[in-house]
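Student: Got a structure for you, questions after.
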There are 2 protein chains.
Amino acid sequence: MNPRPRPDRAPGSRPSASGPGLQASAADRVAAQLRSGIFAGDPAPGTPLREVDLAARYGVSRHTVREALRELVVAGLVSQDPFRSARVRVLTRADVRDLFGLRRVVELEAVRRIVEDDAPLTALEAAVAAREAVEPDGPDDALRYTVPELDADLDFHRAVVLAAGSPRLARTFDMLAGELRLAFLALVHDADDRGHHRAILTAIRERDATLAPDLLDTHIRDGLRICLAAAPD
Amino acid sequence: MNPRPRPDRAPGSRPSASGPGLQASAADRVAAQLRSGIFAGDPAPGTPLREVDLAARYGVSRHTVREALRELVVAGLVSQDPFRSARVRVLTRADVRDLFGLRRVVELEAVRRIVEDDAPLTALEAAVAAREAVEPDGPDDALRYTVPELDADLDFHRAVVLAAGSPRLARTFDMLAGELRLAFLALVHDADDRGHHRAILTAIRERDATLAPDLLDTHIRDGLRICLAAAPD
DNA sequence: TCAGCCAGGATTGTTGAACAATCCGAGGTA
DNA sequence: TACCTCGGATTGTTCAACAATCCTGGCTGA
C-alpha cells in the first residue's frame with residue numbers, strides 16, 4: 001500500500017528525485033516506519049511508546065517523534081493522554097462494532113455512487129487482480145491473514161471507495177483503514193474473500209444497484225464477525 | 001520575554017475529556033483562538049499564516065504554533081504544503097459539493113440510527129431550543145448568518161449526529177464541521193432554517209423513518225444551494 | 001521587451017539542550 | 001490495608017541555532 005522506502009537521509013546525499021516531489025518529512029518517515037511495525041504486530045497493542053526511545057531508535061529529535069505520534073493518533077493507531085506516554089491502540093469490541101458500522105456506510109455509499117455515476121473501474125479491477133495474485137502463504141497451517149494479504153484486501157476496499165471520486169469519502173475511509181488494520185491484526189483468515197471480491201466487482205461492473213451493495217454488505221458483516229471473535233472486552 | 005502566564009481553561013480540549021483534568025495544551029489554545037478568528041473571517045481565506053508571526057502574536061514558541069497549525073490542517077481549516085506557509089483554506093465549488101455530499105451521508109445515517117434504535121433526544125431538543133433563542137440580529141438589513149446563528153445551526157446538526165451514539169460518526173462530522181463553517185462564512189441567511197429544524201426534530205421524535213430523512217435531506221440541499229452560490233470557481 | 005538566471009532574504013524543517021509540569025511507583029506511616 | 005510523600009521518569013514548552021527550500025527583485029543576454 002505504501003511501499004515507499006525510506007530515503008535514508010545521510011547528511012549530504014540528496015537524490016533529488018526527478019519525478020514529483022516525493023520527499024517525505026522526517027516525521028512522515030518515522031510515522032511510516034512505526035505504522036508498518038504496528039501493522040506487523042511488533043509494538044503490540046497497549047505498548048507504551050516513549051518519545052526518547054523512539055527518538056534514539058529512529059535517529060531523530062524528540063520534536064520529530066512527537067509530530068509522528070500526532071499523525072498516528074489522528075490515524076487511530078495510537079492513543080494519547082496529556083502527560084502520559086502514547087500507546088499502541090487497543091480496540092475493544094465496541095470499537096470494532098462502531099468501526100465496521102461506519103466503514104459499511106462509507107463503502108456502501110461509494111458503491112452507490114459508482115453504480116449511479118457509471119464511474120471507471122480500472123483501478124478496481126487492478127486491485128482485485130492484485131488480491132488474487134497474493135500467495136496463500138504456502139501451507140495454510142496458520143489460519144491468519146498475512147500482512148500482504150491484509151494489504152491486498154484493504155487495497156481492494158480502498159479502491160472501491162476511491163472509485164467513487166469523492167476526496168472526503170476517501171479521506172474518511174483512510175482514517176478508518178488504520179483501525180481496520182488493527183482490528184484484523186491477529187485474526188483468522190477468511191479463505192473465501194477472494195471470491196467475494198470478484199463477485200462484488202462483477203456486480204459493480206454490471207451496475208447492479210441491488211446486488212453490488214448486498215454482496216459488499218455481506219462481505220463486511222463477515223469481516224465484522226471474524227474481528228469481533230478476536231477482540232477483547 | 002519569559003514568564004508566560006498559563007491561562008488554563010480554553011474551549012476545545014481535544015484529548016479524551018474523561019474527567020476533571022481540563023487543561024488545554026498551549027497548542028490547543030492557539031488552535032482554538034486561530035479557529036475562532038477564522039470563523040469570524042479575520043484571517044480571511046487565502047491569508048498566509050506565518051509561524052513567527054503567530055508565535056509572536058500568541059506568545060508561544062514556533063513549535064507550539066506548528067502543532068496548532070497541524071490541528072487546523074486535519075480540521076480542514078488550513079492548507080499546507082512543504083516549505084510553504086500555511087494558508088487559511090479556500091473552498092472551491094467542488095469542495096463545497098463534496099463536503100455536502102459526505103455531510104448528507106453522515107447526517108442521514110445518524111437519523112436512520114436514531115429512528116431505528118429509539119435513541120434519547122434530550123440534547124437534540126436543547127439544540128433546537130438554543131437555535132430558536134438566538135436573536136435574528138435586529139434589522140435584517142444584512143442577509144448574512146451571524147456567528148452565533150452559525151454556531152447554533154451547526155450545533156443542531158452536530159446534536160443529530162451525536163444522538164446516534166457512534167463515536168466515529170461523530171468524529172467524521174466534527175472533521176466536516178470546520179469546513180462547513182468555512183463554506184457558510186460569508187453567506188446569505190436562510191431565514192427559514194429554524195422552522196426546518198423544528199420540523200426535523202418533530203419527525204425524528206415521531207420516529208418517522210421516511211419523513212425525518214426527507215426533511216433533513218431537503219434542508220441540507222438548501223444549504224448546499226446557498227453555499228454554492230457564494231463559492232469561487 | 002522579455003525570458004531566463006542568479007543572489008540573497010524570508011520561511012519552513014529539524015535538531016539539541018534546557019526547564020517546567022505532571023505522572024508513576026517505591027517506600028514509609030498510621 | 002490505606003494513605004501519604006518523595007524522587008525519578010516522562011511529557012509539555014521554550015529558546016537558539018542551523019539546514020533546506022521558497023520567493024522576490026535585479027541583472028543579463030538575446
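Within each chain, counting starts at residue 1; across the C-alpha cells, chains are named A, B, ... in the order shown, with ligands numbered 1 upward in that order.
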Computed after least-squares fitting of chain A to chain B on all C-alpha atoms in order, what is the RMSD in Å?
Tutor: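 The C-alpha RMSD comes to 5.2 Å.
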Student: Per residue of chain C within 8 Å of region 19-23 of chain D, which atom pair is closest and at what distance in Å (one decimal), using only C-alpha atoms (C1' of nucleotides), listed by chain and increasing number, as CSV?
Tutor:
```
residue,atom,partner,partner_atom,distance
C:DA10,C1',D:DC23,C1',7.7
C:DT11,C1',D:DC22,C1',7.2
C:DT12,C1',D:DT21,C1',7.6
C:DG13,C1',D:DA20,C1',7.1
C:DT14,C1',D:DA19,C1',7.9
```
Student: What does the file look like for those residues with N, CA and C atoms (P, O5', C5', C4', C3', O3' and C1' of nucleotides), as a PDB file, in the first residue's frame?
Tutor:
```
ATOM      1  P    DA C  10      14.547  39.593   5.230  1.00  0.00           P
ATOM      2  O5'  DA C  10      13.502  38.435   4.940  1.00  0.00           O
ATOM      3  C5'  DA C  10      12.618  38.550   3.809  1.00  0.00           C
ATOM      4  C4'  DA C  10      11.746  37.317   3.692  1.00  0.00           C
ATOM      5  C3'  DA C  10      11.118  36.847   5.003  1.00  0.00           C
ATOM      6  O3'  DA C  10       9.786  36.444   4.743  1.00  0.00           O
ATOM      7  C1'  DA C  10      12.381  35.090   4.076  1.00  0.00           C
ATOM      8  P    DT C  11       8.765  36.185   5.960  1.00  0.00           P
ATOM      9  O5'  DT C  11       8.689  34.597   6.024  1.00  0.00           O
ATOM     10  C5'  DT C  11       8.246  33.878   4.883  1.00  0.00           C
ATOM     11  C4'  DT C  11       8.486  32.401   5.062  1.00  0.00           C
ATOM     12  C3'  DT C  11       8.119  31.856   6.443  1.00  0.00           C
ATOM     13  O3'  DT C  11       7.007  30.994   6.328  1.00  0.00           O
ATOM     14  C1'  DT C  11      10.191  30.981   5.651  1.00  0.00           C
ATOM     15  P    DT C  12       6.510  30.105   7.605  1.00  0.00           P
ATOM     16  O5'  DT C  12       7.131  28.664   7.328  1.00  0.00           O
ATOM     17  C5'  DT C  12       6.824  28.008   6.114  1.00  0.00           C
ATOM     18  C4'  DT C  12       7.744  26.825   5.896  1.00  0.00           C
ATOM     19  C3'  DT C  12       7.566  25.668   6.891  1.00  0.00           C
ATOM     20  O3'  DT C  12       7.649  24.437   6.178  1.00  0.00           O
ATOM     21  C1'  DT C  12       9.804  26.354   6.902  1.00  0.00           C
ATOM     22  P    DG C  13       7.377  23.010   6.952  1.00  0.00           P
ATOM     23  O5'  DG C  13       8.853  22.493   7.244  1.00  0.00           O
ATOM     24  C5'  DG C  13       9.535  21.799   6.221  1.00  0.00           C
ATOM     25  C4'  DG C  13      10.791  21.123   6.755  1.00  0.00           C
ATOM     26  C3'  DG C  13      10.572  20.131   7.887  1.00  0.00           C
ATOM     27  O3'  DG C  13      11.393  18.988   7.660  1.00  0.00           O
ATOM     28  C1'  DG C  13      12.105  21.780   8.586  1.00  0.00           C
ATOM     29  P    DT C  14      11.253  17.677   8.623  1.00  0.00           P
ATOM     30  O5'  DT C  14      12.402  17.906   9.693  1.00  0.00           O
ATOM     31  C5'  DT C  14      13.745  17.976   9.253  1.00  0.00           C
ATOM     32  C4'  DT C  14      14.652  18.274  10.414  1.00  0.00           C
ATOM     33  C3'  DT C  14      14.376  17.479  11.684  1.00  0.00           C
ATOM     34  O3'  DT C  14      15.415  16.516  11.828  1.00  0.00           O
ATOM     35  C1'  DT C  14      14.920  19.766  12.135  1.00  0.00           C
TER      36       DT C  14
END
```
Student: Within 10 Å of chain B, which residues of chain A show up when using only C-alpha atoms, listed as a ChimeraX atom specification?
Tutor: /A:21,23-25,63,66-67,70-71,74,79-82,94-95,97-103,105-106,109,165-169,171-172,175-176
Student: Store the residues picked out above in a file with N, CA and C atoms, as an mmCIF file, in the first residue's frame.
Tutor:
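What ended up in selection-v9.cif:
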```cif
data_model
loop_
_atom_site.group_PDB
_atom_site.id
_atom_site.type_symbol
_atom_site.label_atom_id
_atom_site.label_comp_id
_atom_site.auth_asym_id
_atom_site.auth_seq_id
_atom_site.Cartn_x
_atom_site.Cartn_y
_atom_site.Cartn_z
ATOM 1 N N GLY A 21 7.796 15.769 -6.401
ATOM 2 C CA GLY A 21 8.494 15.924 -5.140
ATOM 3 C C GLY A 21 8.056 14.930 -4.090
ATOM 4 N N GLN A 23 9.595 13.944 -1.340
ATOM 5 C CA GLN A 23 10.455 13.988 -0.180
ATOM 6 C C GLN A 23 9.589 14.049 1.066
ATOM 7 N N ALA A 24 9.429 12.888 1.672
ATOM 8 C CA ALA A 24 8.646 12.840 2.892
ATOM 9 C C ALA A 24 9.419 13.518 4.004
ATOM 10 N N SER A 25 8.722 14.176 4.878
ATOM 11 C CA SER A 25 9.374 14.802 6.016
ATOM 12 C C SER A 25 9.874 13.725 6.964
ATOM 13 N N HIS A 63 11.166 16.246 19.003
ATOM 14 C CA HIS A 63 10.107 17.007 18.332
ATOM 15 C C HIS A 63 9.553 16.221 17.151
ATOM 16 N N ARG A 66 7.378 13.459 18.294
ATOM 17 C CA ARG A 66 6.061 13.937 18.733
ATOM 18 C C ARG A 66 5.166 14.199 17.535
ATOM 19 N N GLU A 67 5.741 14.760 16.482
ATOM 20 C CA GLU A 67 4.945 15.031 15.282
ATOM 21 C C GLU A 67 4.474 13.715 14.670
ATOM 22 N N ARG A 70 1.646 12.308 16.658
ATOM 23 C CA ARG A 70 0.395 13.012 16.370
ATOM 24 C C ARG A 70 -0.274 12.445 15.117
ATOM 25 N N GLU A 71 0.543 12.193 14.105
ATOM 26 C CA GLU A 71 -0.013 11.601 12.881
ATOM 27 C C GLU A 71 -0.715 10.294 13.189
ATOM 28 N N VAL A 74 -4.100 10.726 14.954
ATOM 29 C CA VAL A 74 -5.242 11.058 14.100
ATOM 30 C C VAL A 74 -5.586 9.878 13.201
ATOM 31 N N SER A 79 -3.080 5.926 20.932
ATOM 32 C CA SER A 79 -3.902 6.748 21.821
ATOM 33 C C SER A 79 -2.967 7.541 22.722
ATOM 34 N N GLN A 80 -3.408 8.698 23.104
ATOM 35 C CA GLN A 80 -2.535 9.587 23.854
ATOM 36 C C GLN A 80 -3.347 10.439 24.808
ATOM 37 N N ASP A 81 -2.887 10.501 26.052
ATOM 38 C CA ASP A 81 -3.473 11.388 27.051
ATOM 39 C C ASP A 81 -2.387 12.326 27.523
ATOM 40 N N PRO A 82 -2.766 13.528 27.951
ATOM 41 C CA PRO A 82 -1.757 14.515 28.343
ATOM 42 C C PRO A 82 -0.830 13.989 29.425
ATOM 43 N N ALA A 94 -16.583 -2.844 21.294
ATOM 44 C CA ALA A 94 -17.414 -1.692 20.926
ATOM 45 C C ALA A 94 -16.722 -0.894 19.818
ATOM 46 N N ASP A 95 -15.408 -0.747 19.935
ATOM 47 C CA ASP A 95 -14.666 -0.049 18.884
ATOM 48 C C ASP A 95 -14.847 -0.759 17.547
ATOM 49 N N ARG A 97 -17.136 -2.794 16.557
ATOM 50 C CA ARG A 97 -18.502 -2.666 16.037
ATOM 51 C C ARG A 97 -18.714 -1.295 15.417
ATOM 52 N N ASP A 98 -18.316 -0.256 16.152
ATOM 53 C CA ASP A 98 -18.507 1.103 15.651
ATOM 54 C C ASP A 98 -17.732 1.311 14.357
ATOM 55 N N LEU A 99 -16.499 0.806 14.363
ATOM 56 C CA LEU A 99 -15.633 0.934 13.185
ATOM 57 C C LEU A 99 -16.288 0.311 11.956
ATOM 58 N N PHE A 100 -16.748 -0.900 12.105
ATOM 59 C CA PHE A 100 -17.365 -1.561 10.956
ATOM 60 C C PHE A 100 -18.681 -0.893 10.572
ATOM 61 N N GLY A 101 -19.380 -0.342 11.558
ATOM 62 C CA GLY A 101 -20.620 0.364 11.232
ATOM 63 C C GLY A 101 -20.376 1.538 10.306
ATOM 64 N N LEU A 102 -19.328 2.316 10.590
ATOM 65 C CA LEU A 102 -19.045 3.468 9.737
ATOM 66 C C LEU A 102 -18.426 3.022 8.422
ATOM 67 N N ARG A 103 -17.563 2.028 8.509
ATOM 68 C CA ARG A 103 -16.949 1.509 7.287
ATOM 69 C C ARG A 103 -18.026 1.063 6.300
ATOM 70 N N VAL A 105 -21.098 2.125 6.037
ATOM 71 C CA VAL A 105 -21.759 3.283 5.444
ATOM 72 C C VAL A 105 -20.915 3.875 4.325
ATOM 73 N N VAL A 106 -19.626 4.030 4.601
ATOM 74 C CA VAL A 106 -18.741 4.669 3.623
ATOM 75 C C VAL A 106 -18.666 3.824 2.350
ATOM 76 N N GLU A 109 -21.971 3.683 0.381
ATOM 77 C CA GLU A 109 -22.196 4.939 -0.320
ATOM 78 C C GLU A 109 -21.316 5.002 -1.567
ATOM 79 N N GLY A 165 -14.813 8.712 -6.400
ATOM 80 C CA GLY A 165 -14.365 10.037 -6.813
ATOM 81 C C GLY A 165 -14.633 11.150 -5.829
ATOM 82 N N SER A 166 -14.810 10.824 -4.576
ATOM 83 C CA SER A 166 -15.031 11.865 -3.565
ATOM 84 C C SER A 166 -13.838 11.950 -2.639
ATOM 85 N N PRO A 167 -13.137 13.094 -2.660
ATOM 86 C CA PRO A 167 -11.945 13.204 -1.805
ATOM 87 C C PRO A 167 -12.259 12.970 -0.332
ATOM 88 N N ARG A 168 -13.354 13.506 0.133
ATOM 89 C CA ARG A 168 -13.649 13.381 1.562
ATOM 90 C C ARG A 168 -14.124 11.987 1.927
ATOM 91 N N LEU A 169 -14.819 11.342 1.045
ATOM 92 C CA LEU A 169 -15.173 9.948 1.315
ATOM 93 C C LEU A 169 -13.896 9.113 1.411
ATOM 94 N N ARG A 171 -10.916 10.210 2.206
ATOM 95 C CA ARG A 171 -10.201 10.580 3.420
ATOM 96 C C ARG A 171 -10.824 9.887 4.632
ATOM 97 N N THR A 172 -12.133 9.845 4.653
ATOM 98 C CA THR A 172 -12.806 9.170 5.772
ATOM 99 C C THR A 172 -12.420 7.708 5.819
ATOM 100 N N MET A 175 -8.979 7.254 7.173
ATOM 101 C CA MET A 175 -8.891 7.366 8.617
ATOM 102 C C MET A 175 -9.336 6.081 9.295
ATOM 103 N N LEU A 176 -10.236 5.345 8.653
ATOM 104 C CA LEU A 176 -10.689 4.080 9.229
ATOM 105 C C LEU A 176 -9.732 2.943 8.904
#
```
Student: Could you write out as a list in words the residues of chain B within 8 Å of chain C, counting only C-alpha atoms (C1' of nucleotides)?
Tutor: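 Those within range of chain C come out as Arg50, Pro82, Phe83, Arg84 and Ser85 of chain B.
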Student: For the selection you just gave me, I'd like the residues written to a file as a PDB file, in the first residue's frame, keeping C-alpha atoms.
Tutor:
```pdb
ATOM      1  CA  ARG B  50       3.480  32.614   9.125  1.00  0.00           C
ATOM      2  CA  PRO B  82       6.056  21.568   2.472  1.00  0.00           C
ATOM      3  CA  PHE B  83       8.275  24.625   2.882  1.00  0.00           C
ATOM      4  CA  ARG B  84       5.385  26.913   2.112  1.00  0.00           C
ATOM      5  CA  SER B  85       3.385  28.991   4.538  1.00  0.00           C
TER       6      SER B  85
END
```
Student: Which of chain B end up as strand (DSSP E or B) when DSSP is run on this backbone - answer as a ChimeraX atom specification?
Tutor: /B:48-49,78-79,86-88,144,188
Student: Write down, as a list in words, each residue of chain D that has any atom within 9 Å of an atom of chain A, counting only C-alpha atoms (C1' of nucleotides).
Tutor: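 Here they are: DT10, DT11 and DG12 of chain D.
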Student: Enumerate, as a ChimeraX atom specification, the complete set of residues in region 64-162 of chain B that a backbone-based DSSP assignment places in helix (DSSP H, G or I).
Tutor: /B:64-74,93-117,122-133,147-162
Student: For CA of Ala212 (chain A) and CA of Val111 (chain A), quote the distance in Å rounded to one decimal.
Tutor: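 Computed distance, CA of Ala212 (chain A) to CA of Val111 (chain A), equals 7.2 Å.
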Student: Can you list, as a list in words, every protein, DNA or RNA residue that comes within 10 Å of region 34-44 of chain B when you count only C-alpha atoms (C1' of nucleotides), leaving out same-chain residues fewer than 5 positions away?
Tutor: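 Returned residues: Asp28, Arg29, Leu49, Leu54, Tyr58, Ala68, Leu69, Glu71, Leu72, Ala75, Leu77, Val78, Arg87, Val88, Arg89, Val90, Thr146, Val147, Leu150, Asp151, Gly178, Glu179, Arg181, Leu182, Phe184, Leu185 and Ala186 of chain B.
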Student: Could the residues in this selection be saved with N, CA and C atoms as an mmCIF file, in the first residue's frame?
Tutor:
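Dumped everything to result.cif:
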```cif
data_model
loop_
_atom_site.group_PDB
_atom_site.id
_atom_site.type_symbol
_atom_site.label_atom_id
_atom_site.label_comp_id
_atom_site.auth_asym_id
_atom_site.auth_seq_id
_atom_site.Cartn_x
_atom_site.Cartn_y
_atom_site.Cartn_z
ATOM 1 N N ASP B 28 -3.415 23.646 21.758
ATOM 2 C CA ASP B 28 -4.866 23.647 21.640
ATOM 3 C C ASP B 28 -5.424 25.050 21.818
ATOM 4 N N ARG B 29 -4.843 25.779 22.767
ATOM 5 C CA ARG B 29 -5.323 27.143 22.992
ATOM 6 C C ARG B 29 -5.075 28.004 21.751
ATOM 7 N N LEU B 49 -0.368 32.125 6.857
ATOM 8 C CA LEU B 49 -0.174 32.123 8.314
ATOM 9 C C LEU B 49 1.282 31.813 8.588
ATOM 10 N N LEU B 54 2.658 34.239 14.105
ATOM 11 C CA LEU B 54 1.704 33.649 15.036
ATOM 12 C C LEU B 54 2.346 33.441 16.403
ATOM 13 N N TYR B 58 0.659 35.180 19.651
ATOM 14 C CA TYR B 58 0.047 34.411 20.727
ATOM 15 C C TYR B 58 1.020 34.134 21.870
ATOM 16 N N ALA B 68 -0.269 23.692 16.544
ATOM 17 C CA ALA B 68 -1.618 24.226 16.379
ATOM 18 C C ALA B 68 -2.020 24.199 14.901
ATOM 19 N N LEU B 69 -1.088 24.572 14.030
ATOM 20 C CA LEU B 69 -1.400 24.573 12.602
ATOM 21 C C LEU B 69 -1.736 23.162 12.125
ATOM 22 N N GLU B 71 -3.154 20.864 13.812
ATOM 23 C CA GLU B 71 -4.541 20.607 14.218
ATOM 24 C C GLU B 71 -5.517 21.195 13.205
ATOM 25 N N LEU B 72 -5.246 22.435 12.827
ATOM 26 C CA LEU B 72 -6.176 23.097 11.911
ATOM 27 C C LEU B 72 -6.121 22.466 10.531
ATOM 28 N N ALA B 75 -8.294 19.557 10.652
ATOM 29 C CA ALA B 75 -9.680 20.015 10.737
ATOM 30 C C ALA B 75 -10.158 20.597 9.419
ATOM 31 N N LEU B 77 -9.276 23.449 8.081
ATOM 32 C CA LEU B 77 -9.385 24.905 8.063
ATOM 33 C C LEU B 77 -8.176 25.553 7.425
ATOM 34 N N VAL B 78 -7.106 24.825 7.333
ATOM 35 C CA VAL B 78 -5.836 25.377 6.871
ATOM 36 C C VAL B 78 -5.232 24.383 5.893
ATOM 37 N N ARG B 87 -1.935 28.317 4.838
ATOM 38 C CA ARG B 87 -2.889 29.336 4.439
ATOM 39 C C ARG B 87 -4.276 28.948 4.898
ATOM 40 N N VAL B 88 -5.067 29.971 5.214
ATOM 41 C CA VAL B 88 -6.469 29.700 5.523
ATOM 42 C C VAL B 88 -7.107 29.103 4.283
ATOM 43 N N ARG B 89 -7.800 28.029 4.473
ATOM 44 C CA ARG B 89 -8.319 27.243 3.369
ATOM 45 C C ARG B 89 -9.301 28.047 2.525
ATOM 46 N N VAL B 90 -9.253 27.845 1.222
ATOM 47 C CA VAL B 90 -10.228 28.426 0.301
ATOM 48 C C VAL B 90 -10.999 27.276 -0.329
ATOM 49 N N THR B 146 -25.119 35.388 11.209
ATOM 50 C CA THR B 146 -24.193 35.866 12.225
ATOM 51 C C THR B 146 -23.462 34.663 12.794
ATOM 52 N N VAL B 147 -22.354 34.951 13.464
ATOM 53 C CA VAL B 147 -21.584 33.841 14.035
ATOM 54 C C VAL B 147 -22.417 33.041 15.035
ATOM 55 N N LEU B 150 -24.712 30.769 13.107
ATOM 56 C CA LEU B 150 -23.983 29.638 12.539
ATOM 57 C C LEU B 150 -23.674 28.606 13.616
ATOM 58 N N ASP B 151 -23.201 29.088 14.753
ATOM 59 C CA ASP B 151 -22.902 28.168 15.859
ATOM 60 C C ASP B 151 -24.130 27.338 16.194
ATOM 61 N N GLY B 178 -15.716 22.008 10.607
ATOM 62 C CA GLY B 178 -14.879 23.167 10.352
ATOM 63 C C GLY B 178 -15.008 23.642 8.915
ATOM 64 N N GLU B 179 -14.983 22.704 8.002
ATOM 65 C CA GLU B 179 -15.132 23.084 6.592
ATOM 66 C C GLU B 179 -16.518 23.664 6.331
ATOM 67 N N ARG B 181 -18.227 25.407 8.418
ATOM 68 C CA ARG B 181 -18.154 26.797 8.868
ATOM 69 C C ARG B 181 -17.533 27.658 7.773
ATOM 70 N N LEU B 182 -16.473 27.172 7.182
ATOM 71 C CA LEU B 182 -15.835 27.932 6.108
ATOM 72 C C LEU B 182 -16.804 28.154 4.955
ATOM 73 N N PHE B 184 -19.934 28.371 4.980
ATOM 74 C CA PHE B 184 -21.019 29.300 5.320
ATOM 75 C C PHE B 184 -20.488 30.675 5.697
ATOM 76 N N LEU B 185 -19.184 30.887 5.531
ATOM 77 C CA LEU B 185 -18.551 32.040 6.170
ATOM 78 C C LEU B 185 -19.236 33.353 5.823
ATOM 79 N N ALA B 186 -19.417 33.601 4.567
ATOM 80 C CA ALA B 186 -19.936 34.910 4.166
ATOM 81 C C ALA B 186 -21.202 34.709 3.355
#
```
Student: CA of Gly46 (chain B) and CA of Thr64 (chain B), how far apart in Å?
Tutor: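 CA of Gly46 (chain B) lies at a distance of 21.9 Å from CA of Thr64 (chain B).
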Student: Take CA of Leu215 (chain B) and CA of Gly195 (chain B) and report the distance between them in Å, one decimal.
Tutor: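 CA of Leu215 (chain B) sits 11.0 Å away from CA of Gly195 (chain B).
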Student: Do you know which residues are at most 7 Å from region 198-207 of chain B counting only C-alpha atoms (C1' of nucleotides), after dropping those on the same chain fewer than 4 positions away, and could you put them as a PyMOL selection string?
Tutor: chain B and resi 115+128+194+211-212+215-216
Student: With C-alpha atoms retained, export the selected residues as a PDB file, in the first residue's frame.
Tutor:
```
ATOM      1  CA  VAL B 115     -35.127   6.334  14.487  1.00  0.00           C
ATOM      2  CA  VAL B 128     -33.332  23.248  18.732  1.00  0.00           C
ATOM      3  CA  ARG B 194     -35.405  27.475  12.352  1.00  0.00           C
ATOM      4  CA  LEU B 211     -40.212  11.936   6.727  1.00  0.00           C
ATOM      5  CA  ALA B 212     -37.240  12.586   9.026  1.00  0.00           C
ATOM      6  CA  LEU B 215     -36.778  16.763   5.676  1.00  0.00           C
ATOM      7  CA  LEU B 216     -33.118  16.644   6.676  1.00  0.00           C
TER       8      LEU B 216
END
```
Student: Residues at most 12 Å from Asp153 (chain B), counting only C-alpha atoms (C1' of nucleotides), excluding those fewer than 4 positions away in the same chain, as number ranges by chain?
Tutor: B: 124, 127-134, 145-149, 157-160, 177, 180-181, 184, 189-198, 219-220, 223
Student: Save out the residues we just selected, N, CA and C atoms, as a compact mmCIF listing (two decimals), in the first residue's frame.
Tutor:
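Dumped to out-v3.txt:
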```
# COMPACT_ATOMS: atom_id res chain seq x y z
N LEU B 124 -30.82 16.88 21.65
CA LEU B 124 -31.33 17.39 20.38
C LEU B 124 -32.38 18.48 20.62
N ALA B 127 -30.74 21.63 21.60
CA ALA B 127 -30.10 22.34 20.49
C ALA B 127 -31.12 23.12 19.68
N VAL B 128 -32.30 22.53 19.47
CA VAL B 128 -33.33 23.25 18.73
C VAL B 128 -33.77 24.48 19.50
N ALA B 129 -33.94 24.31 20.81
CA ALA B 129 -34.35 25.45 21.63
C ALA B 129 -33.29 26.54 21.58
N ALA B 130 -32.02 26.15 21.66
CA ALA B 130 -30.94 27.14 21.62
C ALA B 130 -30.93 27.87 20.29
N ARG B 131 -31.17 27.13 19.22
CA ARG B 131 -31.19 27.76 17.91
C ARG B 131 -32.29 28.80 17.83
N GLU B 132 -33.46 28.48 18.42
CA GLU B 132 -34.58 29.41 18.34
C GLU B 132 -34.38 30.61 19.24
N ALA B 133 -33.51 30.46 20.23
CA ALA B 133 -33.29 31.55 21.18
C ALA B 133 -32.34 32.61 20.63
N VAL B 134 -31.62 32.28 19.56
CA VAL B 134 -30.67 33.23 19.00
C VAL B 134 -31.42 34.39 18.35
N TYR B 145 -25.61 35.08 7.80
CA TYR B 145 -25.56 34.38 9.07
C TYR B 145 -24.67 35.17 10.00
N THR B 146 -25.12 35.39 11.21
CA THR B 146 -24.19 35.87 12.22
C THR B 146 -23.46 34.66 12.79
N VAL B 147 -22.35 34.95 13.46
CA VAL B 147 -21.58 33.84 14.03
C VAL B 147 -22.42 33.04 15.04
N PRO B 148 -23.16 33.69 15.94
CA PRO B 148 -23.97 32.88 16.85
C PRO B 148 -25.01 32.05 16.12
N GLU B 149 -25.56 32.58 15.06
CA GLU B 149 -26.53 31.80 14.29
C GLU B 149 -25.88 30.56 13.69
N HIS B 157 -27.14 20.35 14.03
CA HIS B 157 -26.76 19.21 13.19
C HIS B 157 -25.80 18.29 13.93
N ARG B 158 -24.92 18.89 14.71
CA ARG B 158 -24.00 18.06 15.49
C ARG B 158 -24.77 17.23 16.51
N ALA B 159 -25.78 17.84 17.10
CA ALA B 159 -26.58 17.10 18.08
C ALA B 159 -27.27 15.92 17.43
N VAL B 160 -27.71 16.10 16.19
CA VAL B 160 -28.33 14.98 15.46
C VAL B 160 -27.32 13.83 15.37
N ALA B 177 -17.22 19.67 10.19
CA ALA B 177 -17.86 20.86 10.75
C ALA B 177 -17.03 22.11 10.47
N LEU B 180 -17.52 23.13 7.01
CA LEU B 180 -18.86 23.68 6.85
C LEU B 180 -18.89 25.14 7.29
N ARG B 181 -18.23 25.41 8.42
CA ARG B 181 -18.15 26.80 8.87
C ARG B 181 -17.53 27.66 7.77
N PHE B 184 -19.93 28.37 4.98
CA PHE B 184 -21.02 29.30 5.32
C PHE B 184 -20.49 30.67 5.70
N HIS B 189 -28.37 34.53 4.54
CA HIS B 189 -29.08 33.89 5.63
C HIS B 189 -30.36 33.24 5.12
N ASP B 190 -30.50 31.97 5.46
CA ASP B 190 -31.73 31.28 5.11
C ASP B 190 -32.69 31.44 6.27
N ALA B 191 -33.63 32.37 6.11
CA ALA B 191 -34.46 32.80 7.23
C ALA B 191 -35.34 31.68 7.77
N ASP B 192 -35.49 30.64 7.02
CA ASP B 192 -36.48 29.65 7.41
C ASP B 192 -35.87 28.44 8.11
N ASP B 193 -34.58 28.46 8.40
CA ASP B 193 -33.99 27.21 8.86
C ASP B 193 -34.45 26.85 10.26
N ARG B 194 -34.91 27.85 11.03
CA ARG B 194 -35.41 27.48 12.35
C ARG B 194 -36.64 26.58 12.23
N GLY B 195 -37.51 26.96 11.33
CA GLY B 195 -38.66 26.10 11.09
C GLY B 195 -38.23 24.73 10.60
N HIS B 196 -37.23 24.70 9.76
CA HIS B 196 -36.71 23.41 9.29
C HIS B 196 -36.31 22.54 10.47
N HIS B 197 -35.51 23.13 11.35
CA HIS B 197 -35.00 22.34 12.47
C HIS B 197 -36.15 21.76 13.29
N ARG B 198 -37.11 22.61 13.58
CA ARG B 198 -38.22 22.13 14.41
C ARG B 198 -38.96 20.99 13.70
N HIS B 219 -33.28 20.01 3.75
CA HIS B 219 -32.61 21.09 4.48
C HIS B 219 -31.14 21.20 4.07
N ILE B 220 -30.49 20.04 3.96
CA ILE B 220 -29.08 20.05 3.58
C ILE B 220 -28.92 20.54 2.14
N GLY B 223 -28.98 24.18 2.04
CA GLY B 223 -27.70 24.74 2.47
C GLY B 223 -26.68 24.68 1.35
```
